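Asker: To be precise about what I am sending: the file is called final.csv and holds CSV, C-alpha atoms.
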```csv
chain,number,residue,atom,x,y,z
A,1,MET,CA,23.8,-54.0,0.6
A,2,ALA,CA,20.8,-56.2,-0.4
A,3,GLN,CA,18.4,-53.4,0.3
A,4,THR,CA,20.4,-51.0,-1.8
A,5,THR,CA,20.4,-53.5,-4.7
A,6,HIS,CA,16.7,-54.0,-4.3
A,7,GLY,CA,16.2,-50.2,-4.3
A,8,LYS,CA,18.1,-49.8,-7.5
A,9,ALA,CA,16.2,-52.6,-9.2
A,10,ARG,CA,12.9,-51.0,-8.1
A,11,LYS,CA,14.0,-47.7,-9.5
A,12,ALA,CA,14.9,-49.3,-12.8
A,13,LEU,CA,11.6,-51.1,-12.9
A,14,GLY,CA,9.7,-47.8,-12.3
A,15,GLY,CA,11.8,-46.0,-15.0
A,16,LEU,CA,11.1,-48.8,-17.5
A,17,ALA,CA,7.4,-48.7,-16.7
A,18,PHE,CA,7.3,-45.0,-17.3
A,19,PHE,CA,9.1,-45.3,-20.6
A,20,LEU,CA,6.7,-48.0,-21.8
A,21,ILE,CA,3.7,-46.0,-20.7
A,22,LEU,CA,4.9,-43.1,-23.0
A,23,LEU,CA,5.6,-45.6,-25.8
A,24,GLY,CA,2.2,-47.2,-25.4
A,25,LEU,CA,0.5,-43.7,-25.5
A,26,TYR,CA,2.4,-43.0,-28.7
A,27,PHE,CA,1.3,-46.2,-30.4
A,28,GLY,CA,-2.3,-45.9,-29.0
A,29,LEU,CA,-2.8,-42.2,-30.0
A,30,VAL,CA,-0.7,-42.0,-33.1
A,31,GLN,CA,0.1,-45.3,-34.7
A,32,ALA,CA,-3.2,-47.2,-34.1
A,33,PRO,CA,-6.2,-46.3,-36.3
A,34,PRO,CA,-9.5,-45.1,-34.8
A,35,ASP,CA,-12.2,-47.8,-34.3
A,36,ALA,CA,-14.5,-48.3,-37.3
A,37,TYR,CA,-17.6,-47.8,-35.1
A,38,GLN,CA,-16.6,-45.8,-32.0
A,39,GLY,CA,-14.1,-43.5,-33.6
A,40,GLU,CA,-11.4,-41.8,-31.5
A,41,VAL,CA,-13.1,-42.4,-28.1
A,42,GLN,CA,-12.1,-46.1,-28.4
A,43,ARG,CA,-8.5,-45.1,-27.8
A,44,ILE,CA,-9.1,-45.1,-24.0
A,45,MET,CA,-9.2,-48.9,-24.5
A,46,TYR,CA,-5.3,-48.8,-24.3
A,47,LEU,CA,-5.7,-47.7,-20.6
A,48,HIS,CA,-9.0,-49.3,-19.7
A,49,ILE,CA,-8.2,-52.9,-20.6
A,50,PRO,CA,-4.7,-53.1,-19.0
A,51,SER,CA,-6.0,-51.4,-15.8
A,52,ILE,CA,-8.8,-54.0,-15.2
A,53,LEU,CA,-6.5,-56.9,-16.1
A,54,ILE,CA,-3.9,-55.7,-13.6
A,55,ALA,CA,-6.7,-55.3,-11.0
A,56,TYR,CA,-7.7,-59.0,-11.7
A,57,LEU,CA,-4.0,-60.0,-11.3
A,58,SER,CA,-3.7,-58.0,-8.0
A,59,PHE,CA,-6.8,-59.6,-6.5
A,60,PHE,CA,-5.5,-63.1,-7.6
A,61,ILE,CA,-2.4,-62.3,-5.6
A,62,VAL,CA,-4.6,-61.3,-2.6
A,63,PHE,CA,-6.4,-64.7,-3.1
A,64,VAL,CA,-3.1,-66.7,-3.1
A,65,GLY,CA,-1.6,-64.7,-0.3
A,66,SER,CA,-4.7,-65.1,1.8
A,67,CYS,CA,-4.9,-68.8,1.3
A,68,LEU,CA,-1.2,-69.2,2.2
A,69,TYR,CA,-1.7,-67.1,5.3
A,70,LEU,CA,-4.7,-69.2,6.5
A,71,TRP,CA,-2.7,-72.3,5.9
A,72,LYS,CA,0.8,-71.4,7.2
A,73,ARG,CA,0.2,-68.3,9.3
A,74,GLU,CA,3.3,-66.6,7.9
A,75,LYS,CA,3.4,-62.8,8.2
A,76,ARG,CA,5.0,-62.4,4.8
A,77,ASP,CA,2.0,-63.9,3.1
A,78,ASP,CA,-0.3,-61.5,4.9
A,79,ILE,CA,1.9,-58.5,4.0
A,80,LEU,CA,1.8,-59.5,0.3
A,81,ALA,CA,-2.0,-59.9,0.3
A,82,TYR,CA,-2.5,-56.6,2.1
A,83,ALA,CA,-0.2,-54.8,-0.3
A,84,ALA,CA,-1.8,-56.4,-3.4
A,85,ALA,CA,-5.3,-55.4,-2.1
A,86,GLU,CA,-4.3,-51.7,-1.8
A,87,VAL,CA,-2.8,-51.6,-5.3
A,88,GLY,CA,-5.7,-53.6,-6.7
A,89,VAL,CA,-8.2,-51.0,-5.3
A,90,LEU,CA,-6.2,-48.3,-7.0
A,91,PHE,CA,-6.4,-50.0,-10.4
A,92,THR,CA,-10.0,-50.9,-10.0
A,93,GLY,CA,-10.9,-47.3,-9.2
A,94,LEU,CA,-8.9,-46.2,-12.3
A,95,THR,CA,-10.8,-48.8,-14.4
A,96,ILE,CA,-14.2,-47.4,-13.2
A,97,VAL,CA,-13.2,-43.8,-14.0
A,98,GLU,CA,-11.9,-44.8,-17.5
A,99,GLY,CA,-15.0,-46.8,-18.2
A,100,SER,CA,-17.2,-43.8,-17.3
A,101,ILE,CA,-15.2,-41.6,-19.7
A,102,TRP,CA,-15.6,-44.2,-22.4
A,103,GLY,CA,-19.3,-44.8,-21.6
A,104,LYS,CA,-20.5,-41.2,-21.8
A,105,PRO,CA,-20.0,-40.7,-25.6
A,106,THR,CA,-20.7,-44.4,-26.4
A,107,TRP,CA,-23.8,-45.0,-24.3
A,108,GLY,CA,-24.9,-41.4,-23.5
A,109,VAL,CA,-24.4,-41.8,-19.7
A,110,TRP,CA,-21.5,-41.8,-17.3
A,111,TRP,CA,-22.9,-44.8,-15.4
A,112,THR,CA,-25.5,-47.4,-15.8
A,113,TRP,CA,-26.4,-50.4,-13.7
A,114,ASP,CA,-25.2,-52.8,-16.3
A,115,ALA,CA,-24.3,-56.3,-15.0
A,116,ARG,CA,-20.5,-55.9,-15.7
A,117,LEU,CA,-20.3,-52.4,-14.3
A,118,THR,CA,-22.3,-53.3,-11.2
A,119,LEU,CA,-20.2,-56.3,-10.5
A,120,THR,CA,-17.0,-54.3,-10.9
A,121,ALA,CA,-18.3,-51.7,-8.5
A,122,ILE,CA,-19.1,-54.5,-6.0
A,123,LEU,CA,-15.5,-55.8,-6.5
A,124,PHE,CA,-14.2,-52.3,-5.7
A,125,LEU,CA,-16.4,-52.0,-2.6
A,126,ILE,CA,-15.4,-55.4,-1.3
A,127,PHE,CA,-11.8,-54.6,-1.3
A,128,VAL,CA,-12.3,-51.1,0.0
A,129,GLY,CA,-14.1,-52.9,2.8
A,130,TYR,CA,-11.1,-55.2,3.1
A,131,LEU,CA,-8.8,-52.2,3.7
A,132,MET,CA,-11.2,-50.7,6.2
A,133,LEU,CA,-11.6,-54.0,8.1
A,134,ARG,CA,-7.8,-54.3,8.4
A,135,SER,CA,-7.5,-50.8,9.8
A,136,LEU,CA,-10.4,-51.1,12.2
A,137,ILE,CA,-9.5,-54.4,13.9
A,138,GLU,CA,-6.9,-53.7,16.6
A,139,ASP,CA,-5.8,-57.3,17.0
A,140,GLU,CA,-3.4,-57.8,14.1
A,141,ASN,CA,-3.7,-61.6,13.9
A,142,ARG,CA,-7.5,-61.4,14.0
A,143,GLY,CA,-7.5,-58.7,11.4
A,144,ALA,CA,-5.3,-60.7,9.2
A,145,VAL,CA,-7.5,-63.8,9.4
A,146,CYS,CA,-10.7,-61.8,8.8
A,147,GLY,CA,-9.0,-60.0,5.9
A,148,ALA,CA,-7.8,-63.3,4.4
A,149,VAL,CA,-11.4,-64.7,4.4
A,150,LEU,CA,-12.8,-61.5,2.8
A,151,GLY,CA,-10.0,-61.4,0.3
A,152,ILE,CA,-10.8,-65.0,-0.8
A,153,ILE,CA,-14.5,-64.3,-1.1
A,154,GLY,CA,-13.9,-61.0,-3.0
A,155,PHE,CA,-11.8,-62.8,-5.6
A,156,LEU,CA,-14.8,-65.0,-6.5
A,157,ASP,CA,-16.5,-61.9,-8.0
A,158,ILE,CA,-13.9,-61.8,-10.8
A,159,PRO,CA,-15.3,-64.8,-12.8
A,160,LEU,CA,-18.8,-63.3,-12.5
A,161,ILE,CA,-17.5,-60.0,-13.9
A,162,HIS,CA,-15.8,-61.8,-16.9
A,163,MET,CA,-18.8,-64.0,-17.7
A,164,SER,CA,-21.5,-61.3,-17.1
A,165,VAL,CA,-21.6,-60.3,-20.7
A,166,TYR,CA,-22.4,-63.8,-21.7
A,167,TRP,CA,-24.9,-64.7,-18.9
A,168,TRP,CA,-26.9,-61.4,-19.0
A,169,ARG,CA,-28.0,-58.9,-21.6
A,170,THR,CA,-25.7,-55.9,-21.0
A,171,LEU,CA,-24.6,-52.7,-22.7
A,172,HIS,CA,-21.0,-53.6,-22.2
A,173,GLN,CA,-19.5,-55.2,-25.3
A,174,PRO,CA,-18.1,-58.8,-25.1
A,175,PRO,CA,-14.4,-59.3,-24.9
A,176,SER,CA,-12.4,-58.5,-28.0
A,177,ILE,CA,-9.1,-60.0,-26.7
A,178,LEU,CA,-9.9,-62.8,-24.3
A,179,ARG,CA,-12.3,-64.8,-26.6
A,180,PRO,CA,-12.4,-68.6,-26.6
A,181,ASP,CA,-13.3,-68.8,-30.3
A,182,LYS,CA,-10.7,-66.5,-31.8
A,183,ALA,CA,-7.0,-65.6,-31.2
A,184,PRO,CA,-6.4,-61.9,-30.4
A,185,TRP,CA,-4.7,-61.1,-33.7
A,186,GLU,CA,-7.8,-62.5,-35.6
A,187,ASN,CA,-10.2,-60.0,-34.0
A,188,ILE,CA,-8.3,-56.8,-33.7
A,189,HIS,CA,-6.1,-54.6,-36.0
A,190,PRO,CA,-2.4,-55.5,-35.7
A,191,SER,CA,-1.4,-52.0,-34.8
A,192,MET,CA,-4.2,-51.9,-32.1
A,193,LEU,CA,-2.9,-55.1,-30.7
A,194,ILE,CA,0.7,-53.8,-30.6
A,195,ALA,CA,-0.4,-50.7,-28.8
A,196,LEU,CA,-2.5,-52.7,-26.3
A,197,SER,CA,0.3,-55.1,-25.7
A,198,ILE,CA,2.8,-52.3,-24.9
A,199,SER,CA,0.3,-50.6,-22.6
A,200,PHE,CA,-0.4,-53.9,-20.8
A,201,LEU,CA,3.3,-54.5,-20.3
A,202,ALA,CA,3.8,-51.0,-19.1
A,203,PHE,CA,0.9,-51.3,-16.6
A,204,LEU,CA,2.3,-54.7,-15.5
A,205,LEU,CA,5.7,-53.3,-14.7
A,206,LEU,CA,4.1,-50.3,-13.0
A,207,TYR,CA,2.0,-52.7,-10.9
A,208,PHE,CA,5.0,-54.7,-9.7
A,209,TYR,CA,6.8,-51.4,-9.0
A,210,PHE,CA,3.9,-50.2,-6.7
A,211,LEU,CA,3.5,-53.7,-5.2
A,212,SER,CA,7.2,-54.0,-4.3
A,213,LEU,CA,7.1,-50.5,-2.7
A,214,ARG,CA,4.1,-51.4,-0.7
A,215,VAL,CA,5.5,-54.8,0.4
A,216,ARG,CA,8.7,-53.0,1.5
A,217,ILE,CA,6.7,-50.6,3.6
A,218,GLY,CA,4.9,-53.5,5.2
A,219,GLU,CA,8.2,-55.2,6.0
A,220,MET,CA,9.6,-52.0,7.5
A,221,GLU,CA,6.5,-51.6,9.6
A,222,GLU,CA,7.0,-55.1,11.0
A,223,GLU,CA,10.7,-54.3,11.7
A,224,VAL,CA,9.7,-51.2,13.6
A,225,LYS,CA,7.2,-53.3,15.7
A,226,ARG,CA,9.9,-55.8,16.5
A,227,LEU,CA,12.3,-53.1,17.5
A,228,LYS,CA,9.7,-51.5,19.8
A,229,LEU,CA,8.9,-54.9,21.3
A,230,TYR,CA,12.6,-55.7,21.8
A,231,GLY,CA,13.3,-52.2,23.2
A,232,GLY,CA,10.3,-52.5,25.6
A,233,ALA,CA,11.6,-55.8,26.8
```
How would this structure read if it were set down as structure tokens?
Answerer:
Amino acid sequence: MAQTTHGKARKALGGLAFFLILLGLYFGLVQAPPDAYQGEVQRIMYLHIPSILIAYLSFFIVFVGSCLYLWKREKRDDILAYAAAEVGVLFTGLTIVEGSIWGKPTWGVWWTWDARLTLTAILFLIFVGYLMLRSLIEDENRGAVCGAVLGIIGFLDIPLIHMSVYWWRTLHQPPSILRPDKAPWENIHPSMLIALSISFLAFLLLYFYFLSLRVRIGEMEEEVKRLKLYGGA
């Protein structure tokens, strides 16, 4: 009964996320004005910014789950960290693709070894390595410990990514939303902020939909292993 309820809630979450994605696209493509300097290409911001923020959130969950696993050695924390790493890699890859599409008409190149771009690529590779490490180590407990350590180290790249535009000369523009000197509504057109907020909420719900699915798969895998062990005994 509980699983049926969870399944229905998950479907409702996915449906709401899909609706908000469509609503965000409408506001981003129709209601919001083009950027004064970049023109129409700036509209990819409504996908690009939410996807990287969700990636940051996902790797923060990896960090928390990994710390909890090293502390308590509870499997549920490892399942959560592993699931969040997979979904985080998805959103980071999406961010890199979106950034390249935005960069080509803005900078004239698909990719440049800018500090923020390079650090984001490193973040992507660290967590791809995390997934590879988990799949290659046959001892599950050892793989979980090694993955937890790498997940904690990988998360430390995120502050470097955020601060890179302040610490180094880069092509990438400074943040327009997460600025310490101005509130978001003081630095961006209200209709742009509305479109961005809807898109972020849509991506957030989509993220938790994917994460809940992946956690459930991890739990089912553990159930199958226990049944095989019990049956073998």
Asker: Need to verify the contact set: Ile194 of chain A, 12 Å, all atoms listed in the file, exclusion of same-chain residues closer than 4 positions in sequence. Can you return it as a ChimeraX atom specification?
Answerer: /A:23-28,31-33,46,184-185,188-190,198-201
Asker: For a test of reading the model, state the distance in Å between atom CA of Ala121 of chain A and atom CA of Met45 of chain A, rounded to one decimal.
Answerer: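 Between these atoms lies a distance of 18.6 Å.
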Asker: Neighbourhood query: residues within 6 Å of (-18.2, -53.8, -19.5), file coordinates, counting all atoms listed in the file; return as a PyMOL selection string.
Answerer: chain A and resi 116-117+172
Asker: If we count only C-alpha atoms and set the cut-off at 9 Å, which residues sit around Ile49 of chain A, ignoring sequence neighbours fewer than 4 positions away in its own chain? Please answer as a count of residues only.
Answerer: 7
Asker: Point out the residue among A:Val128, A:Phe155, A:Glu223, A:Gly14 with the least atom-to-atom distance to Leu57 of chain A, counting all atoms listed in the file.
Answerer: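 Answer, going by the shortest atom-to-atom distance: A:Phe155.
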Asker: Can you pull out the residues contacting Ala115 of chain A? Cut-off 10 Å, using all atoms listed in the file, and skip same-chain residues under 6 positions away; I want them as a PDB file with C-alpha atoms, in the frame of the given file.
Answerer:
```pdb
ATOM      1  CA  ALA A 121     -18.300 -51.700  -8.500  1.00  0.00           C
ATOM      2  CA  LEU A 160     -18.800 -63.300 -12.500  1.00  0.00           C
ATOM      3  CA  ILE A 161     -17.500 -60.000 -13.900  1.00  0.00           C
ATOM      4  CA  MET A 163     -18.800 -64.000 -17.700  1.00  0.00           C
ATOM      5  CA  SER A 164     -21.500 -61.300 -17.100  1.00  0.00           C
ATOM      6  CA  VAL A 165     -21.600 -60.300 -20.700  1.00  0.00           C
ATOM      7  CA  TRP A 167     -24.900 -64.700 -18.900  1.00  0.00           C
ATOM      8  CA  TRP A 168     -26.900 -61.400 -19.000  1.00  0.00           C
ATOM      9  CA  ARG A 169     -28.000 -58.900 -21.600  1.00  0.00           C
ATOM     10  CA  THR A 170     -25.700 -55.900 -21.000  1.00  0.00           C
ATOM     11  CA  LEU A 171     -24.600 -52.700 -22.700  1.00  0.00           C
ATOM     12  CA  HIS A 172     -21.000 -53.600 -22.200  1.00  0.00           C
TER      13      HIS A 172
END
```
Asker: Compare A:Leu229, A:Met220, A:Leu211, A:Ile137 by their minimum atom-to-atom distance to Leu13 of chain A, counting all atoms listed in the file, and give me the closest one.
Answerer: A:Leu211
Asker: When you draw a straight line from atom CA of Gly103 of chain A to atom CA of Met192 of chain A, how long is it in Å?
Answerer: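 Separation between atom CA of Gly103 of chain A and atom CA of Met192 of chain A: 19.7 Å.
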Asker: Which of these residues is nearest to Ala84 of chain A, using only C-alpha atoms: A:Trp110, A:Ser58, A:Trp102, A:Gly129?
Answerer: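 Closest candidate: A:Ser58.
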Asker: Any idea what the distance is between atom CA of Ala17 of chain A and atom CA of Leu206 of chain A?
Answerer: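 Taking atom CA of Ala17 of chain A and atom CA of Leu206 of chain A, their separation equals 5.2 Å.
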Asker: Tell me which residues come within 10 Å of (-4.0, -53.8, 3.2), as a PyMOL selection string, counting only C-alpha atoms in the file's coordinates.
Answerer: chain A and resi 62+78-87+89+127-128+130-135+144+147+214-215+218
